[in-house]
$ cat target07.cif   # mmCIF, C-alpha atoms and all ligand atoms
data_run
loop_
_atom_site.group_PDB
_atom_site.id
_atom_site.type_symbol
_atom_site.label_atom_id
_atom_site.label_comp_id
_atom_site.auth_asym_id
_atom_site.auth_seq_id
_atom_site.Cartn_x
_atom_site.Cartn_y
_atom_site.Cartn_z
ATOM 1 C CA MET A 1 25.050 -21.039 36.268
ATOM 2 C CA ILE A 2 28.701 -22.097 36.213
ATOM 3 C CA GLN A 3 28.733 -21.517 32.499
ATOM 4 C CA ARG A 4 27.304 -18.074 32.921
ATOM 5 C CA SER A 5 29.861 -17.016 35.554
ATOM 6 C CA LEU A 6 32.655 -18.412 33.416
ATOM 7 C CA LEU A 7 31.361 -16.357 30.544
ATOM 8 C CA LEU A 8 31.210 -13.309 32.803
ATOM 9 C CA ILE A 9 34.774 -13.851 34.014
ATOM 10 C CA PHE A 10 35.908 -14.338 30.463
ATOM 11 C CA THR A 11 34.116 -11.174 29.298
ATOM 12 C CA CYS A 12 35.637 -9.177 32.162
ATOM 13 C CA PHE A 13 39.060 -10.495 31.275
ATOM 14 C CA ILE A 14 38.683 -9.442 27.635
ATOM 15 C CA LEU A 15 37.332 -6.052 28.676
ATOM 16 C CA LEU A 16 40.153 -5.446 31.157
ATOM 17 C CA THR A 17 42.897 -6.477 28.755
ATOM 18 C CA THR A 18 41.334 -4.271 26.073
ATOM 19 C CA ILE A 19 41.265 -1.293 28.440
ATOM 20 C CA ALA A 20 44.832 -2.006 29.584
ATOM 21 C CA HIS A 21 45.979 -2.193 25.994
ATOM 22 C CA ALA A 22 44.279 1.069 25.035
ATOM 23 C CA GLU A 23 45.762 2.853 28.049
ATOM 24 C CA GLU A 24 49.183 1.500 27.229
ATOM 25 C CA ASN A 25 48.944 3.059 23.769
ATOM 26 C CA VAL A 26 47.804 6.393 25.165
ATOM 27 C CA ASP A 27 50.600 6.348 27.791
ATOM 28 C CA ASN A 28 53.081 5.426 25.143
ATOM 29 C CA GLU A 29 51.916 8.268 22.913
ATOM 30 C CA GLN A 30 52.171 10.778 25.756
ATOM 31 C CA GLU A 31 55.614 9.454 26.689
ATOM 32 C CA LYS A 32 56.804 9.950 23.117
ATOM 33 C CA ILE A 33 55.358 13.460 22.826
ATOM 34 C CA ASN A 34 56.907 14.422 26.187
ATOM 35 C CA LEU A 35 60.288 13.329 24.906
ATOM 36 C CA TYR A 36 59.889 15.226 21.606
ATOM 37 C CA LYS A 37 58.905 18.360 23.539
ATOM 38 C CA GLN A 38 61.870 18.050 25.888
ATOM 39 C CA MET A 39 64.136 18.010 22.849
ATOM 40 C CA GLU A 40 62.270 20.944 21.317
ATOM 41 C CA ALA A 41 62.989 22.938 24.494
ATOM 42 C CA ILE A 42 66.725 22.250 24.152
ATOM 43 C CA THR A 43 67.215 22.421 20.374
ATOM 44 C CA PHE A 44 64.261 24.583 19.179
ATOM 45 C CA ILE A 45 63.394 21.958 16.584
ATOM 46 C CA PRO A 46 59.563 21.806 16.759
ATOM 47 C CA TRP A 47 58.402 18.514 18.343
ATOM 48 C CA TYR A 48 56.315 17.515 15.300
ATOM 49 C CA TYR A 49 59.429 17.253 13.098
ATOM 50 C CA LEU A 50 61.036 14.892 15.593
ATOM 51 C CA ALA A 51 57.771 12.974 15.822
ATOM 52 C CA ALA A 52 57.646 12.767 12.014
ATOM 53 C CA ILE A 53 61.198 11.412 11.737
ATOM 54 C CA ASP A 54 60.459 8.914 14.501
ATOM 55 C CA ARG A 55 57.261 7.767 12.773
ATOM 56 C CA TYR A 56 59.018 7.404 9.437
ATOM 57 C CA GLU A 57 61.742 5.298 11.042
ATOM 58 C CA ALA A 58 59.151 3.102 12.773
ATOM 59 C CA ASN A 59 57.460 2.598 9.395
ATOM 60 C CA ILE A 60 60.600 1.319 7.689
ATOM 61 C CA GLN A 61 61.392 -1.227 10.394
ATOM 62 C CA SER A 62 60.278 -4.801 10.040
ATOM 63 C CA GLU A 63 58.175 -6.151 12.894
ATOM 64 C CA GLU A 64 60.990 -8.435 14.111
ATOM 65 C CA GLU A 65 63.194 -5.367 14.427
ATOM 66 C CA GLU A 66 60.799 -3.630 16.798
ATOM 67 C CA GLN A 67 62.468 -3.079 20.100
ATOM 68 C CA ASP A 68 61.332 -2.304 23.560
ATOM 69 C CA SER A 69 62.119 1.398 23.404
ATOM 70 C CA ILE A 70 60.120 4.599 23.131
ATOM 71 C CA ILE A 71 62.008 6.017 20.154
ATOM 72 C CA SER A 72 62.149 4.110 16.852
ATOM 73 C CA ILE A 73 64.941 6.127 15.218
ATOM 74 C CA ARG A 74 68.008 3.977 14.547
ATOM 75 C CA ILE A 75 71.293 5.678 13.625
ATOM 76 C CA SER A 76 73.900 3.535 11.877
ATOM 77 C CA ASP A 77 77.302 3.014 13.496
ATOM 78 C CA LEU A 78 78.896 4.722 10.513
ATOM 79 C CA LYS A 79 76.851 7.890 11.084
ATOM 80 C CA TRP A 80 77.030 7.713 14.878
ATOM 81 C CA TYR A 81 80.734 6.976 15.309
ATOM 82 C CA GLY A 82 82.179 8.219 12.007
ATOM 83 C CA LEU A 83 85.747 6.929 11.890
ATOM 84 C CA THR A 84 86.037 6.517 15.678
ATOM 85 C CA PRO A 85 88.239 3.416 16.205
ATOM 86 C CA THR A 86 85.608 1.923 18.520
ATOM 87 C CA THR A 87 81.886 1.301 18.188
ATOM 88 C CA GLU A 88 81.407 1.174 21.947
ATOM 89 C CA PRO A 89 79.431 4.075 23.491
ATOM 90 C CA THR A 90 81.982 6.753 24.267
ATOM 91 C CA SER A 91 82.216 10.514 24.829
ATOM 92 C CA GLU A 92 80.740 12.843 22.214
ATOM 93 C CA GLU A 93 84.026 14.761 22.035
ATOM 94 C CA ILE A 94 85.872 11.690 20.765
ATOM 95 C CA ILE A 95 83.036 10.834 18.367
ATOM 96 C CA GLU A 96 82.992 14.402 17.047
ATOM 97 C CA MET A 97 86.763 14.324 16.533
ATOM 98 C CA PHE A 98 86.278 11.360 14.194
ATOM 99 C CA GLY A 99 83.358 12.913 12.318
ATOM 100 C CA GLY A 100 80.514 11.014 13.997
ATOM 101 C CA ILE A 101 77.181 12.676 14.813
ATOM 102 C CA GLY A 102 76.499 10.768 18.071
ATOM 103 C CA LYS A 103 75.595 13.041 21.005
ATOM 104 C CA ASP A 104 74.987 12.668 24.707
ATOM 105 C CA GLY A 105 71.398 13.603 25.541
ATOM 106 C CA THR A 106 71.307 12.255 29.104
ATOM 107 C CA GLY A 107 74.336 14.178 30.400
ATOM 108 C CA ASP A 108 76.179 11.046 31.589
ATOM 109 C CA GLY A 109 79.163 11.883 29.373
ATOM 110 C CA ILE A 110 78.502 8.959 27.031
ATOM 111 C CA ALA A 111 76.856 9.059 23.594
ATOM 112 C CA ASP A 112 74.999 5.751 23.394
ATOM 113 C CA PRO A 113 73.201 4.840 20.121
ATOM 114 C CA THR A 114 70.821 2.532 22.034
ATOM 115 C CA ASN A 115 69.625 5.209 24.473
ATOM 116 C CA ASP A 116 66.344 6.980 23.589
ATOM 117 C CA TYR A 117 67.483 10.379 24.856
ATOM 118 C CA ASP A 118 70.872 10.175 23.171
ATOM 119 C CA ILE A 119 69.279 9.077 19.880
ATOM 120 C CA LEU A 120 66.615 11.781 19.844
ATOM 121 C CA TYR A 121 69.025 14.486 20.972
ATOM 122 C CA THR A 122 71.502 13.418 18.282
ATOM 123 C CA MET A 123 68.809 13.664 15.602
ATOM 124 C CA ALA A 124 67.510 17.028 16.880
ATOM 125 C CA HIS A 125 71.058 18.370 17.077
ATOM 126 C CA TYR A 126 71.800 17.161 13.545
ATOM 127 C CA VAL A 127 68.718 18.947 12.177
ATOM 128 C CA GLN A 128 69.380 22.062 14.257
ATOM 129 C CA GLN A 129 72.771 22.578 12.580
ATOM 130 C CA TYR A 130 71.001 23.444 9.327
ATOM 131 C CA GLY A 131 68.765 26.121 10.845
ATOM 132 C CA PRO A 132 65.172 26.410 12.052
ATOM 133 C CA SER A 133 63.172 27.210 8.892
ATOM 134 C CA GLU A 134 61.092 24.648 7.010
ATOM 135 C CA GLN A 135 63.556 24.825 4.112
ATOM 136 C CA ASP A 136 66.497 24.308 6.502
ATOM 137 C CA ILE A 137 64.840 21.208 7.935
ATOM 138 C CA ARG A 138 64.152 19.911 4.432
ATOM 139 C CA THR A 139 67.856 20.354 3.610
ATOM 140 C CA ALA A 140 68.890 18.582 6.825
ATOM 141 C CA LEU A 141 66.617 15.647 5.969
ATOM 142 C CA TRP A 142 67.942 15.481 2.429
ATOM 143 C CA ASN A 143 71.535 15.383 3.678
ATOM 144 C CA TYR A 144 70.651 12.682 6.192
ATOM 145 C CA TYR A 145 68.512 10.388 4.016
ATOM 146 C CA HIS A 146 69.452 11.301 0.408
ATOM 147 C CA ARG A 147 65.978 10.299 -0.749
ATOM 148 C CA GLU A 148 63.228 12.532 -2.143
ATOM 149 C CA LEU A 149 60.265 10.370 -1.061
ATOM 150 C CA THR A 150 61.642 10.118 2.480
ATOM 151 C CA VAL A 151 61.984 13.898 2.795
ATOM 152 C CA LEU A 152 58.496 14.433 1.363
ATOM 153 C CA SER A 153 56.951 11.842 3.694
ATOM 154 C CA ILE A 154 58.580 13.252 6.840
ATOM 155 C CA MET A 155 57.625 16.847 5.950
ATOM 156 C CA ASN A 156 54.027 15.738 5.363
ATOM 157 C CA TYR A 157 53.855 13.767 8.639
ATOM 158 C CA ALA A 158 55.150 16.859 10.448
ATOM 159 C CA ARG A 159 52.367 18.962 8.926
ATOM 160 C CA LEU A 160 49.759 16.406 9.948
ATOM 161 C CA PHE A 161 51.070 16.146 13.534
ATOM 162 C CA LYS A 162 51.277 19.927 13.805
ATOM 163 C CA THR A 163 47.775 20.448 12.406
ATOM 164 C CA TYR A 164 46.080 17.918 14.706
ATOM 165 C CA GLN A 165 48.497 18.261 17.671
ATOM 166 C CA THR A 166 48.626 14.478 17.999
ATOM 167 C CA ILE A 167 50.570 11.556 16.560
ATOM 168 C CA SER A 168 47.543 9.253 16.520
ATOM 169 C CA LEU A 169 45.668 9.758 13.260
ATOM 170 C CA ASP A 170 44.146 6.321 12.945
ATOM 171 C CA ASP A 171 40.576 6.981 11.814
ATOM 172 C CA THR A 172 39.520 5.007 8.766
ATOM 173 C CA ALA A 173 36.606 5.029 6.333
ATOM 174 C CA PHE A 174 35.355 2.843 3.500
ATOM 175 C CA PRO A 175 35.813 4.799 0.237
ATOM 176 C CA ILE A 176 32.090 4.657 -0.618
ATOM 177 C CA PRO A 177 29.715 6.289 1.891
ATOM 178 C CA LYS A 178 26.845 4.374 3.448
ATOM 179 C CA GLY A 179 23.601 4.456 1.497
ATOM 180 C CA TYR A 180 25.144 4.118 -1.982
ATOM 181 C CA ASN A 181 25.042 0.927 -4.031
ATOM 182 C CA TYR A 182 28.364 -0.688 -4.715
ATOM 183 C CA SER A 183 29.944 -4.096 -5.140
ATOM 184 C CA TYR A 184 33.476 -5.431 -5.061
ATOM 185 C CA ARG A 185 35.343 -8.681 -4.843
ATOM 186 C CA ASN A 186 38.953 -9.668 -4.450
ATOM 187 C CA THR A 187 40.594 -9.037 -7.831
ATOM 188 C CA TRP A 188 44.115 -8.290 -6.673
ATOM 189 C CA GLY A 189 46.737 -9.896 -8.894
ATOM 190 C CA ASP A 190 44.309 -10.670 -11.770
ATOM 191 C CA ALA A 191 45.612 -10.226 -15.302
ATOM 192 C CA ARG A 192 44.234 -7.170 -17.068
ATOM 193 C CA GLY A 193 43.574 -6.441 -20.696
ATOM 194 C CA PHE A 194 45.019 -3.019 -21.304
ATOM 195 C CA GLY A 195 48.655 -1.975 -21.056
ATOM 196 C CA GLY A 196 50.418 -5.286 -21.548
ATOM 197 C CA ARG A 197 51.140 -7.859 -18.906
ATOM 198 C CA ARG A 198 50.652 -5.842 -15.761
ATOM 199 C CA ILE A 199 48.865 -7.498 -12.902
ATOM 200 C CA HIS A 200 45.890 -5.820 -11.307
ATOM 201 C CA GLU A 201 47.299 -3.811 -8.399
ATOM 202 C CA GLY A 202 44.154 -3.003 -6.499
ATOM 203 C CA THR A 203 40.482 -3.661 -5.869
ATOM 204 C CA ASP A 204 37.718 -2.472 -8.200
ATOM 205 C CA ILE A 205 34.660 -1.138 -6.437
ATOM 206 C CA PHE A 206 31.756 -0.903 -8.891
ATOM 207 C CA ALA A 207 29.271 1.924 -8.308
ATOM 208 C CA ASN A 208 27.231 4.406 -10.331
ATOM 209 C CA TYR A 209 28.689 7.500 -11.969
ATOM 210 C CA GLY A 210 28.979 10.328 -9.477
ATOM 211 C CA THR A 211 28.997 8.197 -6.317
ATOM 212 C CA PRO A 212 31.219 10.033 -3.789
ATOM 213 C CA VAL A 213 34.733 8.669 -3.269
ATOM 214 C CA ARG A 214 36.254 9.316 0.145
ATOM 215 C CA ALA A 215 39.751 9.207 1.594
ATOM 216 C CA THR A 216 40.174 6.008 3.619
ATOM 217 C CA THR A 217 42.696 7.517 6.080
ATOM 218 C CA HIS A 218 44.171 10.852 7.108
ATOM 219 C CA GLY A 219 46.947 11.916 4.803
ATOM 220 C CA VAL A 220 48.340 14.408 2.324
ATOM 221 C CA VAL A 221 47.432 14.608 -1.374
ATOM 222 C CA GLU A 222 50.595 13.703 -3.243
ATOM 223 C CA LEU A 223 49.250 13.384 -6.753
ATOM 224 C CA LYS A 224 46.257 14.585 -8.731
ATOM 225 C CA GLY A 225 45.679 14.540 -12.477
ATOM 226 C CA TRP A 226 45.455 12.335 -15.570
ATOM 227 C CA ASN A 227 47.184 9.081 -16.339
ATOM 228 C CA LYS A 228 46.666 6.946 -19.477
ATOM 229 C CA TYR A 229 45.595 3.896 -17.445
ATOM 230 C CA GLY A 230 44.148 5.419 -14.322
ATOM 231 C CA GLY A 231 42.309 8.331 -15.917
ATOM 232 C CA TRP A 232 41.567 11.076 -13.399
ATOM 233 C CA ARG A 233 43.236 9.906 -10.238
ATOM 234 C CA VAL A 234 44.332 10.986 -6.782
ATOM 235 C CA GLY A 235 47.202 9.673 -4.656
ATOM 236 C CA ILE A 236 47.242 10.195 -0.879
ATOM 237 C CA ARG A 237 50.025 9.231 1.529
ATOM 238 C CA ASP A 238 49.157 8.395 5.136
ATOM 239 C CA ILE A 239 51.415 8.488 8.222
ATOM 240 C CA TYR A 240 52.355 4.799 7.863
ATOM 241 C CA ASN A 241 54.342 5.150 4.601
ATOM 242 C CA ARG A 242 51.280 3.913 2.734
ATOM 243 C CA TYR A 243 50.148 5.432 -0.531
ATOM 244 C CA HIS A 244 46.451 5.211 -1.428
ATOM 245 C CA TYR A 245 45.598 5.367 -5.120
ATOM 246 C CA TYR A 246 42.075 6.277 -6.339
ATOM 247 C CA ALA A 247 41.600 5.914 -10.100
ATOM 248 C CA HIS A 248 39.029 6.214 -12.945
ATOM 249 C CA LEU A 249 37.334 9.143 -11.211
ATOM 250 C CA ASN A 250 34.602 11.197 -12.847
ATOM 251 C CA GLY A 251 36.019 14.325 -11.227
ATOM 252 C CA PHE A 252 37.740 15.696 -8.136
ATOM 253 C CA ALA A 253 36.244 17.308 -5.044
ATOM 254 C CA GLU A 254 36.083 21.080 -5.501
ATOM 255 C CA GLY A 255 39.232 22.830 -4.340
ATOM 256 C CA LEU A 256 41.232 19.631 -3.770
ATOM 257 C CA GLU A 257 44.897 20.331 -4.506
ATOM 258 C CA ILE A 258 48.236 18.572 -4.270
ATOM 259 C CA GLY A 259 49.642 19.159 -0.773
ATOM 260 C CA ASP A 260 46.218 19.343 0.896
ATOM 261 C CA ILE A 261 45.635 17.521 4.148
ATOM 262 C CA VAL A 262 42.632 15.192 3.968
ATOM 263 C CA GLU A 263 40.807 13.324 6.705
ATOM 264 C CA ALA A 264 39.425 9.791 6.724
ATOM 265 C CA GLY A 265 35.932 9.983 5.218
ATOM 266 C CA GLN A 266 36.527 13.280 3.385
ATOM 267 C CA THR A 267 35.161 13.299 -0.176
ATOM 268 C CA ILE A 268 37.984 13.575 -2.709
ATOM 269 C CA GLY A 269 36.105 12.893 -5.948
ATOM 270 C CA SER A 270 33.420 10.753 -7.529
ATOM 271 C CA VAL A 271 33.179 7.396 -9.290
ATOM 272 C CA GLY A 272 33.659 7.448 -13.039
ATOM 273 C CA ALA A 273 34.998 5.443 -15.963
ATOM 274 C CA SER A 274 37.892 7.645 -17.018
ATOM 275 C CA GLY A 275 41.120 6.271 -18.428
ATOM 276 C CA TYR A 276 42.554 3.874 -20.993
ATOM 277 C CA GLY A 277 43.319 6.653 -23.454
ATOM 278 C CA PRO A 278 44.310 10.308 -23.860
ATOM 279 C CA PRO A 279 43.070 12.882 -21.312
ATOM 280 C CA GLY A 280 39.294 12.931 -21.062
ATOM 281 C CA THR A 281 38.740 9.387 -22.354
ATOM 282 C CA SER A 282 35.793 7.832 -20.523
ATOM 283 C CA GLY A 283 33.290 5.017 -20.812
ATOM 284 C CA LYS A 284 35.584 2.255 -22.043
ATOM 285 C CA PHE A 285 34.489 0.080 -19.097
ATOM 286 C CA PRO A 286 31.744 0.145 -16.460
ATOM 287 C CA PRO A 287 32.130 2.927 -13.859
ATOM 288 C CA HIS A 288 34.137 1.863 -10.829
ATOM 289 C CA LEU A 289 36.697 3.060 -8.345
ATOM 290 C CA HIS A 290 40.063 1.406 -8.682
ATOM 291 C CA TYR A 291 41.610 1.487 -5.227
ATOM 292 C CA GLY A 292 45.252 0.555 -4.765
ATOM 293 C CA MET A 293 47.550 0.519 -1.737
ATOM 294 C CA TYR A 294 51.345 0.789 -1.808
ATOM 295 C CA LYS A 295 53.894 0.581 0.980
ATOM 296 C CA ASP A 296 57.262 2.315 1.074
ATOM 297 C CA ASN A 297 59.982 0.593 3.120
ATOM 298 C CA GLY A 298 62.504 3.415 2.713
ATOM 299 C CA LYS A 299 64.111 1.810 -0.332
ATOM 300 C CA THR A 300 61.297 0.786 -2.641
ATOM 301 C CA GLU A 301 57.546 1.002 -2.844
ATOM 302 C CA TRP A 302 55.369 -1.975 -3.653
ATOM 303 C CA SER A 303 51.719 -2.763 -4.142
ATOM 304 C CA PHE A 304 49.844 -4.917 -1.648
ATOM 305 C CA ASP A 305 46.315 -6.295 -1.569
ATOM 306 C CA PRO A 306 43.877 -3.678 -0.189
ATOM 307 C CA TYR A 307 40.966 -6.153 -0.020
ATOM 308 C CA PRO A 308 41.359 -7.163 3.670
ATOM 309 C CA HIS A 309 41.571 -3.482 4.655
ATOM 310 C CA LEU A 310 38.481 -2.619 2.600
ATOM 311 C CA ASN A 311 36.598 -5.422 4.341
ATOM 312 C CA LYS A 312 37.543 -4.113 7.752
ATOM 313 C CA TRP A 313 36.738 -0.487 6.905
ATOM 314 C CA GLU A 314 33.420 -1.540 5.411
ATOM 315 C CA ARG A 315 32.418 -3.253 8.681
ATOM 316 C CA ASN A 316 33.229 -0.095 10.720
ATOM 317 C CA ASN A 317 32.082 2.367 8.068
ATOM 318 C CA PRO A 318 31.284 5.660 9.838
HETATM 319 ZN ZN ZN A 401 41.212 -1.752 -11.150
#

$ encode --input "target07.cif" --output "structure tokens"
Amino acid sequence: MIQRSLLLIFTCFILLTTIAHAEENVDNEQEKINLYKQMEAITFIPWYYLAAIDRYEANIQSEEEEQDSIISIRISDLKWYGLTPTTEPTSEEIIEMFGGIGKDGTGDGIADPTNDYDILYTMAHYVQQYGPSEQDIRTALWNYYHRELTVLSIMNYARLFKTYQTISLDDTAFPIPKGYNYSYRNTWGDARGFGGRRIHEGTDIFANYGTPVRATTHGVVELKGWNKYGGWRVGIRDIYNRYHYYAHLNGFAEGLEIGDIVEAGQTIGSVGASGYGPPGTSGKFPPHLHYGMYKDNGKTEWSFDPYPHLNKWERNNP
């Protein structure tokens, strides 16, 4: 009896903390969107661009860096203060005089690079200077980040947030639908035979020719075509600076193009054995999907082991 009530208390505790945690996330999301929309009202920069910049900046921060603030954007002292003799929060007039971009979003007369409003207003104001069109915003981002992949990622996140009118696009799917035969094991880092001494940057999922291959997350198609090693392959970037690589396909889903938005579980192609030769080469190895995951930290992109993710997605396969 005591055991049972303890179990009940424990279960309630878990349930309550789970609910609290979920609500916290929802509140947090709404708080962020409210702030983006406030800035949109002042600067006319659509909220989803601000959300996209904020998400990108969150993605490039290490977990230790994460702070207790709503906005993840961090603006360097050099950008914020320019040549201002001080790096103490001060008036935007002084900062502007010395070529800094720091602005006062709260109206307290001080431009503070640790204040959420001031940070977001500064970013929105910076972008606004270039104009309101998509091309203007692209130019603003290029001048701010000086990095092609960063601009591309932010523009794609903005499209995703605009399309779904949310910043939470966290659905996932196992790449092979239920009801099909497949097998895989952890082969990340294994040596491979073709193409010199490269390590195996992914997991091979063996399945029959023609088995559907699905996107594992929401994202935007960044690459589609032939590669000597990967054969027919597709690359999709999600909203967490992660690039998903699907190789050795038999073919692509009809109509799939670079720049398309895809959803978790959407069919993007089918299992094949293409690759290891000039375009069209197939059958040099048993049919399988090579699935790779890469993470961009704002400076470089590296491969990491997708196996634990595949395991998780397989357990919750919709
Ligand atoms: Zn492989």

$ atom_distance --input "target07.cif" --atom1 "atom CA of A:Thr281" --atom2 "atom CA of A:Val213"
19.5 Å

$ resolve_selection --input "target07.cif" --expression "the PyMOL selection byres (((not hetatm)) within 6 of (chain A and resi 401))" --output "PDB file with C-alpha atoms, keeping the file's coordinate frame"
ATOM      1  CA  GLY A 202      44.154  -3.003  -6.499  1.00  0.00           C
ATOM      2  CA  THR A 203      40.482  -3.661  -5.869  1.00  0.00           C
ATOM      3  CA  ASP A 204      37.718  -2.472  -8.200  1.00  0.00           C
ATOM      4  CA  HIS A 290      40.063   1.406  -8.682  1.00  0.00           C
TER       5      HIS A 290
END

$ atom_distance --input "target07.cif" --atom1 "atom CA of A:Val234" --atom2 "atom CA of A:Tyr164"
22.6 Å

$ atom_distance --input "target07.cif" --atom1 "atom CA of A:Tyr245" --atom2 "atom CA of A:Gly283"
19.9 Å

$ resolve_selection --input "target07.cif" --expression "the PyMOL selection byres (((chain A and resi 101-116) around 12) and not hetatm)" --output "PyMOL selection string"
chain A and resi 31-32+35-36+38-39+42-43+54+67-84+87-100+117-127+129+144

$ closest_residue --input "target07.cif" --among "A:Asp170, A:Asp260, A:Glu134, A:Asp27" --to "A:Thr217" --atoms "only C-alpha atoms"
A:Asp170

$ axis_aligned_box --input "target07.cif" --around "stretch 34-46 of chain A" --padding-each-side "4 Å" --output "lines of an AutoDock Vina configuration file"
center_x = 62.1
center_y = 19.0
center_z = 21.4
size_x = 18.3
size_y = 19.3
size_z = 17.6

$ closest_residue --input "target07.cif" --among "A:Ala253, A:Ile60, A:Met293, A:Ile53" --to "A:Asn156" --atoms "all atoms listed in the file"
A:Ile53

$ decode --input "target07.cif" --residues "stretch 122-162 of chain A" --atoms "C-alpha atoms" --output "PDB file, in the first residue's frame"
ATOM      1  CA  THR A 122      19.517  47.145 -32.634  1.00  0.00           C
ATOM      2  CA  MET A 123      19.384  44.137 -34.963  1.00  0.00           C
ATOM      3  CA  ALA A 124      16.028  45.165 -36.485  1.00  0.00           C
ATOM      4  CA  HIS A 125      17.284  48.718 -36.959  1.00  0.00           C
ATOM      5  CA  TYR A 126      20.482  47.457 -38.593  1.00  0.00           C
ATOM      6  CA  VAL A 127      18.501  45.347 -41.079  1.00  0.00           C
ATOM      7  CA  GLN A 128      15.963  48.117 -41.681  1.00  0.00           C
ATOM      8  CA  GLN A 129      18.690  50.472 -42.943  1.00  0.00           C
ATOM      9  CA  TYR A 130      19.108  48.291 -46.030  1.00  0.00           C
ATOM     10  CA  GLY A 131      15.427  48.328 -46.987  1.00  0.00           C
ATOM     11  CA  PRO A 132      12.423  46.025 -46.636  1.00  0.00           C
ATOM     12  CA  SER A 133      12.685  43.662 -49.632  1.00  0.00           C
ATOM     13  CA  GLU A 134      13.964  40.093 -49.395  1.00  0.00           C
ATOM     14  CA  GLN A 135      17.052  41.102 -51.381  1.00  0.00           C
ATOM     15  CA  ASP A 136      17.653  44.076 -49.050  1.00  0.00           C
ATOM     16  CA  ILE A 137      17.501  41.787 -46.025  1.00  0.00           C
ATOM     17  CA  ARG A 138      19.883  39.350 -47.704  1.00  0.00           C
ATOM     18  CA  THR A 139      22.326  42.230 -48.275  1.00  0.00           C
ATOM     19  CA  ALA A 140      21.987  43.375 -44.652  1.00  0.00           C
ATOM     20  CA  LEU A 141      22.743  39.845 -43.438  1.00  0.00           C
ATOM     21  CA  TRP A 142      25.725  39.546 -45.747  1.00  0.00           C
ATOM     22  CA  ASN A 143      27.164  42.828 -44.468  1.00  0.00           C
ATOM     23  CA  TYR A 144      26.610  41.741 -40.876  1.00  0.00           C
ATOM     24  CA  TYR A 145      27.883  38.145 -41.039  1.00  0.00           C
ATOM     25  CA  HIS A 146      30.093  38.029 -44.177  1.00  0.00           C
ATOM     26  CA  ARG A 147      29.266  34.350 -44.620  1.00  0.00           C
ATOM     27  CA  GLU A 148      27.255  32.710 -47.404  1.00  0.00           C
ATOM     28  CA  LEU A 149      26.030  29.696 -45.394  1.00  0.00           C
ATOM     29  CA  THR A 150      24.874  31.959 -42.558  1.00  0.00           C
ATOM     30  CA  VAL A 151      22.838  34.151 -44.914  1.00  0.00           C
ATOM     31  CA  LEU A 152      21.333  31.096 -46.618  1.00  0.00           C
ATOM     32  CA  SER A 153      20.437  29.464 -43.291  1.00  0.00           C
ATOM     33  CA  ILE A 154      18.763  32.579 -41.864  1.00  0.00           C
ATOM     34  CA  MET A 155      16.776  33.209 -45.070  1.00  0.00           C
ATOM     35  CA  ASN A 156      15.596  29.586 -45.042  1.00  0.00           C
ATOM     36  CA  TYR A 157      14.614  29.692 -41.344  1.00  0.00           C
ATOM     37  CA  ALA A 158      12.626  32.859 -42.069  1.00  0.00           C
ATOM     38  CA  ARG A 159      10.742  31.084 -44.858  1.00  0.00           C
ATOM     39  CA  LEU A 160       9.975  28.145 -42.588  1.00  0.00           C
ATOM     40  CA  PHE A 161       8.760  30.368 -39.720  1.00  0.00           C
ATOM     41  CA  LYS A 162       6.668  32.437 -42.119  1.00  0.00           C
TER      42      LYS A 162
END
